[in-house]
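Below: input12.cif (mmCIF, C-alpha atoms)
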data_query
#
loop_
_atom_site.label_atom_id
_atom_site.label_comp_id
_atom_site.auth_asym_id
_atom_site.auth_seq_id
_atom_site.Cartn_x
_atom_site.Cartn_y
_atom_site.Cartn_z
CA MET A 1 0.00 0.00 0.00
CA SER A 2 1.08 3.57 -0.60
CA GLU A 3 2.41 5.83 2.13
CA SER A 4 -0.11 7.92 3.97
CA TYR A 5 -0.67 11.20 2.21
CA GLN A 6 0.58 14.24 4.05
CA SER A 7 0.36 17.86 3.03
CA ILE A 8 3.70 19.66 3.38
CA GLY A 9 3.18 22.58 1.02
CA SER A 10 0.18 23.97 2.80
CA GLN A 11 2.14 24.64 5.98
CA GLN A 12 4.79 26.55 4.07
CA SER A 13 2.22 28.67 2.31
CA SER A 14 0.37 29.49 5.51
CA GLU A 15 3.63 30.89 6.95
CA GLU A 16 4.03 32.98 3.81
CA MET A 17 0.41 34.16 4.05
CA LYS A 18 0.88 35.19 7.66
CA LEU A 19 3.89 37.30 6.75
CA LEU A 20 2.05 38.97 3.86
CA ALA A 21 -1.00 39.64 5.99
CA GLN A 22 1.08 41.26 8.73
CA THR A 23 2.83 43.49 6.19
CA MET A 24 -0.59 44.35 4.71
CA VAL A 25 -1.96 45.40 8.11
CA GLU A 26 1.13 47.52 8.65
CA SER A 27 0.72 49.28 5.27
CA LEU A 28 -2.96 49.91 6.04
CA GLU A 29 -2.00 51.47 9.37
CA ARG A 30 0.46 53.68 7.51
CA GLY A 31 -2.37 54.61 5.15
CA ASP A 32 -0.62 53.07 2.13
CA LEU A 33 -3.71 51.60 0.43
CA GLY A 34 -1.86 50.93 -2.84
CA GLN A 35 0.67 48.63 -1.22
CA ALA A 36 -2.06 46.92 0.82
CA VAL A 37 -4.00 46.05 -2.36
CA ALA A 38 -0.79 44.80 -3.99
CA LEU A 39 -0.18 42.59 -0.96
CA VAL A 40 -3.74 41.19 -1.14
CA ASN A 41 -3.04 40.24 -4.76
CA GLN A 42 0.23 38.61 -3.71
CA MET A 43 -1.65 36.62 -1.08
CA LYS A 44 -4.10 35.47 -3.74
CA GLU A 45 -1.19 34.34 -5.90
CA VAL A 46 0.34 32.38 -3.03
CA ARG A 47 -3.01 30.74 -2.38
CA ASP A 48 -3.47 29.84 -6.06
CA LYS A 49 0.10 28.54 -6.35
CA THR A 50 -0.32 26.36 -3.23
CA LEU A 51 -3.66 25.16 -4.48
CA TYR A 52 -2.25 24.10 -7.85
CA LEU A 53 0.73 22.45 -6.20
CA GLU A 54 -1.41 20.62 -3.71
CA ILE A 55 -3.93 19.58 -6.32
CA GLY A 56 -1.10 18.21 -8.41
CA ARG A 57 0.26 16.26 -5.47
CA LEU A 58 -3.16 15.10 -4.45
CA THR A 59 -4.02 13.93 -7.95
CA ARG A 60 -0.87 11.84 -8.09
CA ALA A 61 -1.44 10.43 -4.60
CA LEU A 62 -5.10 9.76 -5.35
CA HIS A 63 -4.16 8.02 -8.56
CA GLU A 64 -1.67 5.87 -6.69
CA SER A 65 -4.15 5.11 -3.98
CA ILE A 66 -6.90 4.11 -6.40
CA LYS A 67 -4.42 1.90 -8.18
CA ASN A 68 -3.63 0.31 -4.83
CA LEU A 69 -7.25 0.05 -3.87
CA ASN A 70 -7.48 -2.23 -6.86
CA ILE A 71 -10.61 -1.13 -8.59
CA GLU A 72 -11.17 -4.80 -9.41
CA SER A 73 -11.89 -5.28 -5.72
CA VAL A 74 -15.50 -4.19 -6.20
CA GLY A 75 -18.21 -5.40 -8.57
CA ALA A 76 -18.81 -8.71 -10.32
CA GLY A 77 -15.82 -11.05 -10.57
CA SER A 78 -13.87 -8.83 -8.16
CA GLU A 79 -12.01 -9.63 -4.93
CA ILE A 80 -15.03 -8.63 -2.85
CA ASP A 81 -17.26 -10.71 -5.09
CA LYS A 82 -14.90 -13.65 -4.68
CA ALA A 83 -14.81 -13.10 -0.94
CA THR A 84 -18.61 -13.22 -0.84
CA ASP A 85 -18.49 -16.49 -2.78
CA LYS A 86 -15.91 -17.77 -0.33
CA LEU A 87 -18.10 -16.96 2.64
CA GLN A 88 -21.01 -18.67 0.88
CA TYR A 89 -18.73 -21.69 0.60
CA VAL A 90 -18.12 -21.53 4.37
CA ILE A 91 -21.86 -21.57 5.02
CA GLU A 92 -22.31 -24.52 2.66
CA MET A 93 -19.41 -26.47 4.17
CA THR A 94 -20.55 -25.97 7.76
CA ASP A 95 -24.14 -26.78 6.79
CA LYS A 96 -23.06 -29.98 5.04
CA SER A 97 -20.86 -31.05 7.92
CA ALA A 98 -23.48 -30.34 10.58
CA ASN A 99 -26.10 -32.31 8.66
CA ARG A 100 -23.71 -35.19 7.95
CA THR A 101 -22.83 -35.39 11.65
CA MET A 102 -26.47 -35.29 12.69
CA ASP A 103 -27.38 -37.97 10.10
CA LEU A 104 -24.74 -40.25 11.60
CA VAL A 105 -25.86 -39.52 15.14
CA ASP A 106 -29.48 -40.14 14.18
CA ALA A 107 -28.46 -43.48 12.69
CA GLY A 108 -26.28 -44.41 15.67
CA ILE A 109 -28.61 -43.52 18.56
CA PRO A 110 -31.19 -46.28 17.81
CA LEU A 111 -28.40 -48.88 17.52
CA ALA A 112 -26.95 -47.88 20.90
CA ALA A 113 -30.44 -47.69 22.43
CA THR A 114 -31.34 -51.20 21.18
CA LEU A 115 -28.06 -52.64 22.48
CA ASN A 116 -28.77 -51.05 25.85
CA GLU A 117 -32.36 -52.36 26.03
CA ARG A 118 -31.41 -55.89 25.03
CA SER A 119 -28.43 -56.09 27.40
CA THR A 120 -30.65 -54.86 30.23
CA ALA A 121 -33.22 -57.56 29.46
CA LEU A 122 -30.51 -60.23 29.20
CA ARG A 123 -28.92 -59.17 32.47
CA GLU A 124 -32.28 -59.54 34.24
CA GLN A 125 -32.79 -63.01 32.76
CA TRP A 126 -29.21 -63.97 33.57
CA GLN A 127 -29.69 -62.88 37.18
CA LYS A 128 -32.76 -65.14 37.34
CA PHE A 129 -30.66 -67.98 35.98
CA LEU A 130 -27.97 -67.37 38.62
CA ASN A 131 -30.70 -67.34 41.26
CA LYS A 132 -31.87 -70.67 39.79
CA GLU A 133 -35.30 -69.16 39.06
CA LEU A 134 -35.38 -70.11 35.37
CA LYS A 135 -37.51 -72.94 34.00
CA PRO A 136 -35.83 -75.21 31.42
CA ASP A 137 -37.73 -73.72 28.46
CA GLU A 138 -36.92 -70.20 29.71
CA PHE A 139 -33.28 -71.22 29.87
CA ARG A 140 -33.38 -72.48 26.27
CA SER A 141 -34.93 -69.19 25.23
CA LEU A 142 -32.22 -67.29 27.14
CA THR A 143 -29.36 -69.14 25.43
CA ARG A 144 -30.98 -68.37 22.06
CA ASP A 145 -31.34 -64.69 23.01
CA ILE A 146 -27.72 -64.54 24.16
CA GLN A 147 -26.56 -66.12 20.91
CA GLU A 148 -28.57 -63.58 18.85
CA TYR A 149 -27.44 -60.70 21.04
CA LEU A 150 -23.77 -61.56 20.62
CA VAL A 151 -24.11 -61.70 16.84
CA ASP A 152 -26.09 -58.43 16.69
CA SER A 153 -23.93 -56.55 19.18
CA GLU A 154 -20.82 -57.48 17.23
CA ARG A 155 -22.40 -56.03 14.09
CA HIS A 156 -24.02 -52.98 15.74
CA SER A 157 -20.97 -51.96 17.75
CA ARG A 158 -18.90 -52.12 14.57
CA GLN A 159 -21.50 -49.90 12.84
CA ILE A 160 -21.37 -47.42 15.71
CA LYS A 161 -17.57 -47.41 15.59
CA ASP A 162 -17.71 -46.66 11.84
CA GLN A 163 -20.22 -43.88 12.47
CA PHE A 164 -17.88 -42.32 15.04
CA SER A 165 -15.02 -42.39 12.52
CA GLU A 166 -17.24 -40.72 9.93
CA ILE A 167 -18.31 -38.07 12.43
CA LEU A 168 -14.64 -37.38 13.04
CA LEU A 169 -14.03 -37.00 9.30
CA ALA A 170 -17.03 -34.71 8.94
CA GLN A 171 -15.15 -32.14 11.07
CA ASP A 172 -12.63 -31.52 8.25
CA PHE A 173 -14.61 -28.38 7.37
CA GLN A 174 -12.94 -26.51 10.26
CA ASP A 175 -9.56 -26.55 8.52
CA LEU A 176 -10.95 -25.61 5.09
CA THR A 177 -13.36 -22.92 6.24
CA GLY A 178 -10.74 -21.55 8.63
CA GLN A 179 -8.35 -20.94 5.76
CA VAL A 180 -11.07 -19.25 3.70
CA ILE A 181 -12.14 -17.02 6.59
CA GLN A 182 -8.51 -16.00 7.21
CA LYS A 183 -8.20 -14.93 3.56
CA VAL A 184 -11.41 -12.92 3.66
CA ALA A 185 -10.38 -11.26 6.94
CA ALA A 186 -7.02 -10.27 5.39
CA LEU A 187 -8.84 -8.73 2.41
CA VAL A 188 -11.15 -6.74 4.67
CA ARG A 189 -8.19 -5.41 6.68
CA ASP A 190 -6.36 -4.46 3.48
CA VAL A 191 -9.32 -2.65 1.94
CA GLU A 192 -9.90 -0.85 5.22
CA SER A 193 -6.37 0.56 5.41
CA ARG A 194 -6.56 1.76 1.81
CA LEU A 195 -9.90 3.41 2.46
CA VAL A 196 -8.45 5.16 5.51
CA ASN A 197 -5.75 6.58 3.24
CA LEU A 198 -8.39 7.89 0.84
CA VAL A 199 -10.25 9.53 3.69
CA VAL A 200 -7.04 11.25 4.83
CA MET A 201 -6.55 12.61 1.30
CA ALA A 202 -10.11 13.79 1.03
CA GLY A 203 -9.58 15.61 4.32
CA THR A 204 -6.56 17.42 2.85
CA VAL A 205 -8.58 18.50 -0.20
CA ASP A 206 -11.19 19.96 2.13
CA GLN A 207 -8.54 21.76 4.16
CA ILE A 208 -6.87 23.42 1.16
CA THR A 209 -10.00 24.40 -0.67
CA GLY A 210 -11.73 25.46 2.53
CA ILE A 211 -14.72 23.16 2.04
CA GLN A 212 -16.72 22.56 5.19
CA HIS A 213 -19.13 19.67 5.44
CA GLN A 214 -22.12 20.48 7.51
CA GLY A 215 -23.05 17.99 10.16
CA LEU A 216 -20.28 15.59 9.19
CA ASP A 217 -18.54 15.84 12.49
CA ALA A 218 -21.74 16.13 14.44
CA GLU A 219 -22.66 13.18 16.61
CA PRO A 220 -25.24 11.01 14.90
CA GLU A 221 -28.58 11.74 16.45
CA VAL A 222 -29.55 9.20 19.05
CA SER A 223 -33.25 8.61 19.01
CA GLU A 224 -35.04 8.63 22.32
CA THR A 225 -36.14 5.02 22.18
CA LYS A 226 -33.11 3.16 20.90
CA GLU A 227 -34.06 0.31 18.61
CA ILE A 228 -32.78 -3.02 19.91
CA VAL A 229 -31.29 -4.88 16.98
CA ALA A 230 -29.85 -8.34 16.53
CA GLU A 231 -26.05 -8.38 16.58
CA GLY A 232 -25.23 -12.07 16.28
CA PRO A 233 -22.84 -13.91 18.58
CA GLN A 234 -20.74 -11.72 20.90
CA ILE A 235 -17.14 -12.74 20.27
CA ASP A 236 -15.75 -10.78 23.20
CA LYS A 237 -17.61 -11.74 26.37
CA THR A 238 -15.78 -9.14 28.45
CA VAL A 239 -17.34 -6.15 26.68
CA ASP A 240 -19.61 -4.04 28.86
CA GLY A 241 -23.24 -5.06 28.64
CA VAL A 242 -22.54 -8.54 27.34
CA VAL A 243 -23.51 -11.51 29.46
CA ALA A 244 -20.81 -14.16 29.76
CA SER A 245 -22.95 -17.24 30.29
CA GLN A 246 -26.41 -18.72 30.66
CA ASP A 247 -26.02 -18.20 34.44
CA ASP A 248 -25.72 -14.45 33.86
CA VAL A 249 -28.84 -14.54 31.70
CA ASP A 250 -30.69 -16.37 34.45
CA ASP A 251 -29.48 -13.90 37.09
CA LEU A 252 -30.54 -10.95 34.96
CA LEU A 253 -33.97 -12.43 34.29
CA SER A 254 -34.52 -13.32 37.93
CA SER A 255 -33.60 -9.75 38.88
CA LEU A 256 -36.41 -8.71 36.52
CA GLY A 257 -38.85 -10.93 38.40
CA PHE A 258 -38.65 -14.07 36.26
CA MET B 1 -47.99 -30.70 22.83
CA LYS B 2 -47.35 -29.05 19.46
CA ILE B 3 -44.20 -26.94 19.17
CA LEU B 4 -43.07 -24.50 16.47
CA ILE B 5 -39.31 -24.10 16.02
CA VAL B 6 -38.22 -20.88 14.28
CA ASP B 7 -34.62 -20.41 13.14
CA ASP B 8 -33.09 -19.37 9.81
CA PHE B 9 -30.43 -22.09 10.02
CA SER B 10 -31.78 -25.55 9.27
CA THR B 11 -29.02 -27.18 11.32
CA MET B 12 -30.05 -25.27 14.44
CA ARG B 13 -33.71 -26.19 13.83
CA ARG B 14 -32.62 -29.78 13.57
CA ILE B 15 -30.60 -29.63 16.80
CA VAL B 16 -33.51 -28.09 18.70
CA LYS B 17 -35.91 -30.59 17.13
CA ASN B 18 -33.72 -33.54 18.18
CA LEU B 19 -33.32 -32.20 21.72
CA LEU B 20 -37.08 -31.71 22.00
CA ARG B 21 -37.61 -35.25 20.72
CA ASP B 22 -35.27 -36.55 23.42
CA LEU B 23 -37.36 -34.66 25.96
CA GLY B 24 -40.44 -36.46 24.65
CA PHE B 25 -41.84 -33.70 22.42
CA THR B 26 -42.27 -35.30 19.02
CA ASN B 27 -44.95 -33.07 17.52
CA THR B 28 -42.92 -30.21 16.05
CA ALA B 29 -43.05 -27.95 13.01
CA GLU B 30 -40.42 -25.59 11.62
CA ALA B 31 -40.28 -22.08 10.13
CA ASP B 32 -37.26 -20.15 8.91
CA ASP B 33 -38.25 -16.66 10.06
CA GLY B 34 -40.94 -14.64 11.81
CA SER B 35 -42.96 -13.84 8.73
CA THR B 36 -43.44 -17.53 7.85
CA ALA B 37 -43.92 -18.46 11.51
CA LEU B 38 -46.68 -15.97 12.30
CA PRO B 39 -49.30 -17.33 9.86
CA MET B 40 -48.45 -20.87 10.98
CA LEU B 41 -49.06 -19.85 14.59
CA GLN B 42 -52.31 -18.08 13.67
CA GLN B 43 -53.62 -21.09 11.75
CA GLY B 44 -52.16 -23.98 13.72
CA ASP B 45 -52.87 -25.08 17.25
CA PHE B 46 -49.38 -24.62 18.65
CA ASP B 47 -48.79 -24.90 22.39
CA PHE B 48 -45.25 -23.62 22.49
CA LEU B 49 -42.91 -21.44 20.44
CA VAL B 50 -39.11 -21.75 20.33
CA THR B 51 -37.55 -18.92 18.32
CA ASP B 52 -34.18 -17.51 17.34
CA TRP B 53 -33.70 -13.72 17.44
CA ASN B 54 -31.53 -12.86 14.46
CA MET B 55 -33.32 -13.86 11.25
CA PRO B 56 -33.84 -12.25 7.85
CA GLY B 57 -37.37 -11.05 7.24
CA MET B 58 -39.08 -10.83 10.60
CA SER B 59 -36.77 -11.20 13.60
CA GLY B 60 -37.58 -13.23 16.69
CA ILE B 61 -38.16 -10.17 18.87
CA ASP B 62 -40.66 -8.78 16.34
CA LEU B 63 -42.36 -12.18 16.16
CA LEU B 64 -42.60 -12.18 19.95
CA LYS B 65 -44.18 -8.70 19.91
CA LYS B 66 -46.68 -9.78 17.21
CA VAL B 67 -47.57 -12.87 19.23
CA ARG B 68 -48.16 -10.82 22.37
CA ALA B 69 -50.26 -8.35 20.39
CA ASP B 70 -52.44 -11.10 18.89
CA GLU B 71 -55.61 -11.71 20.89
CA ARG B 72 -55.53 -15.47 20.31
CA LEU B 73 -51.79 -16.00 20.71
CA ARG B 74 -50.97 -13.64 23.56
CA HIS B 75 -50.71 -16.43 26.16
CA LEU B 76 -48.54 -18.72 24.02
CA PRO B 77 -45.34 -19.61 25.94
CA VAL B 78 -42.27 -18.38 24.05
CA LEU B 79 -38.69 -19.54 24.58
CA MET B 80 -35.98 -17.54 22.89
CA VAL B 81 -32.89 -19.52 21.88
CA THR B 82 -30.38 -17.05 20.49
CA ALA B 83 -26.77 -15.94 20.20
CA GLU B 84 -27.82 -12.41 21.22
CA ALA B 85 -26.11 -11.91 24.56
CA LYS B 86 -26.32 -8.23 25.47
CA ARG B 87 -28.00 -7.22 28.68
CA GLU B 88 -30.18 -4.64 26.91
CA GLN B 89 -31.35 -7.30 24.47
CA ILE B 90 -32.30 -9.71 27.24
CA VAL B 91 -34.11 -6.89 29.06
CA ALA B 92 -35.91 -5.97 25.82
CA ALA B 93 -36.99 -9.60 25.32
CA ALA B 94 -38.21 -9.74 28.91
CA GLN B 95 -40.17 -6.52 28.44
CA ALA B 96 -41.68 -7.90 25.23
CA GLY B 97 -42.98 -10.83 27.26
CA VAL B 98 -40.61 -13.72 26.65
CA ASN B 99 -41.03 -16.74 28.96
CA GLY B 100 -37.46 -18.00 28.79
CA TYR B 101 -34.12 -17.01 27.28
CA VAL B 102 -31.35 -19.43 26.33
CA VAL B 103 -28.05 -18.17 24.87
CA LYS B 104 -26.27 -20.17 22.19
CA PRO B 105 -24.23 -22.27 22.38
CA PHE B 106 -26.38 -24.17 24.86
CA THR B 107 -26.56 -27.66 26.30
CA ALA B 108 -29.42 -30.16 26.27
CA ALA B 109 -29.64 -29.81 30.07
CA VAL B 110 -30.15 -26.03 29.88
CA LEU B 111 -32.85 -26.35 27.23
CA LYS B 112 -34.61 -29.02 29.27
CA GLU B 113 -34.44 -26.95 32.45
CA LYS B 114 -35.86 -23.83 30.79
CA ILE B 115 -38.67 -25.69 29.05
CA GLU B 116 -39.67 -27.47 32.26
CA LYS B 117 -39.56 -24.20 34.17
CA ILE B 118 -41.82 -22.51 31.62
CA PHE B 119 -44.40 -25.31 31.80
CA GLU B 120 -44.28 -25.36 35.57
CA ARG B 121 -45.13 -21.68 35.62
CA VAL B 122 -47.73 -21.85 32.86
CA GLU B 123 -49.53 -24.77 34.48
CA GLY B 124 -48.99 -23.62 38.06
#
Structure encoded using structure tokens:
Amino acid sequence: MSESYQSIGSQQSSEEMKLLAQTMVESLERGDLGQAVALVNQMKEVRDKTLYLEIGRLTRALHESIKNLNIESVGAGSEIDKATDKLQYVIEMTDKSANRTMDLVDAGIPLAATLNERSTALREQWQKFLNKELKPDEFRSLTRDIQEYLVDSERHSRQIKDQFSEILLAQDFQDLTGQVIQKVAALVRDVESRLVNLVVMAGTVDQITGIQHQGLDAEPEVSETKEIVAEGPQIDKTVDGVVASQDDVDDLLSSLGF
Amino acid sequence: MKILIVDDFSTMRRIVKNLLRDLGFTNTAEADDGSTALPMLQQGDFDFLVTDWNMPGMSGIDLLKKVRADERLRHLPVLMVTAEAKREQIVAAAQAGVNGYVVKPFTAAVLKEKIEKIFERVEG
């Protein structure tokens, strides 16, 4: 990026102006109107000269800055456009991963639940057997159940293990989306610093030409009833007015009579 | 018990739906923002509303206000499940008449506790 623009010429010319103005006041006090008018004209010349010089410098700096801003960074097919596509990709990746994970969990929960139910039932029957409370036909049924359970549990536990591995793999989005987000964040920072430079330059133009923007520096009006808007997740939990946890939410609500 | 889940992210709707199912609430419907949720609430016989705050179209807080302003829906219990975590936002939701407020990310235990608390109070 280009160096920050700084006006050097304008300070020089203001010194010159001051000198001329002082001399002009002196000639007026002496009653020398002719010289005073001549000095006013000289002051005008200085102003014009500075203005042309500064405009020349500004034009070059502006040109440089726009070149750096990379005009391709806005509009279709631009950096910003690409960044938007990249963020869309992040949304898609995280969506896909979350759904994949939930599909696997949905498929795994019934398997684990069935294993749990059947082992509970078998344990109860086994306890009866140990207590010698089982009739011979009940015992035959129990051995059959145990046989089936062993076969099924072998299969189901392997399925659950595979589902866990797949869930693990479905987290690969973090790496990919992380890289994309880092790139987009770098672009935003870059564009911001270039824009700041442009703002500095625009400020210098205003200063030299004496343009004053009305209400630009004024505080934005704060309406009486401030609209509460959604802000999304608070990244920094230590900021004033941000609750750090569900416990804080509960405390706040209970203080309001909930 | 018929529950409407409102969130613009389908994954979050799915998470809430699964948690509710684990708590024994199987009769659920989904909407992706306030403006699709409101007509569903007005037409359907929902007993409970779980809504996000930040959504395109109509936000959760506006949905809550519309619900409280509707003669037939004004007593519907509303649980807000949201990433919005500023004190002023929570106060605003409370003033708008929310019954419970859960900040994301949340756990199944927190959701369960808040839902049970709301029903205790509504029935009690």
Starting from chain A, keep only residues with some atom at most 7 Å from an atom of chain B, counting all atoms listed in the file, and report them as a list in words. Asp95, Ala98, Asn99, Ile228, Ala230, Glu231, Gly232, Pro233, Gln234, Gly241, Val242, Val243 and Gln246 of chain A
Which distance in Å separates atom CA of Lys18 of chain A and atom CA of Ile55 of chain A, to one decimal? 21.5 Å
What do you get, as a PyMOL selection string, if you spell out every residue that the PyMOL selection byres ((chain A and resi 165-171) around 12) selects here? chain A and resi 93-108+158-164+172-178
The PyMOL selection byres ((chain B and resi 1) around 9) - which residues does that actually catch in the file I just gave you? List them as a list in words.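 Checking the PyMOL selection byres ((chain B and resi 1) around 9) against this file, the residues are Lys2, Ile3, Phe25, Thr26, Asn27, Thr28, Phe46, Asp47 and Phe48 of chain B.
With distances restricted to all atoms listed in the file, A:Glu79 is the closest residue to Asp190 of chain A from A:Glu15, A:Asp248, A:Glu79, A:Asp137.
Interatomic distance, atom CA of Tyr89 of chain A against atom CA of Leu195 of chain A: 26.7 Å.
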12 Å contact set for Leu4 of chain B, all atoms listed in the file, chain neighbours under 6 positions out, as number ranges by chain: B: 13, 16-17, 20, 25-34, 36-42, 44-52, 76-80
Pairwise distance for atom CA of Arg121 of chain B and atom CA of Ala244 of chain A, rounded to one decimal in Å: 26.1 Å
Nearest to Ser35 of chain B, chosen from B:Ala69, B:His75, B:Asp22, B:Met58, with only C-alpha atoms counted in the distances: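 The shortest atom-to-atom distance to Ser35 of chain B comes from B:Met58.
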List the residues selected by the PyMOL selection byres ((chain A and resi 205) around 12) in the file shown, writing them as a VMD selection string. chain A and resid 5 to 7 10 50 to 59 61 to 62 198 to 204 206 to 212
Top pick for closest residue to Ile146 of chain A, considering A:Leu134, A:Ile91, A:Ala36, A:Leu122 and counting only C-alpha atoms: A:Leu122
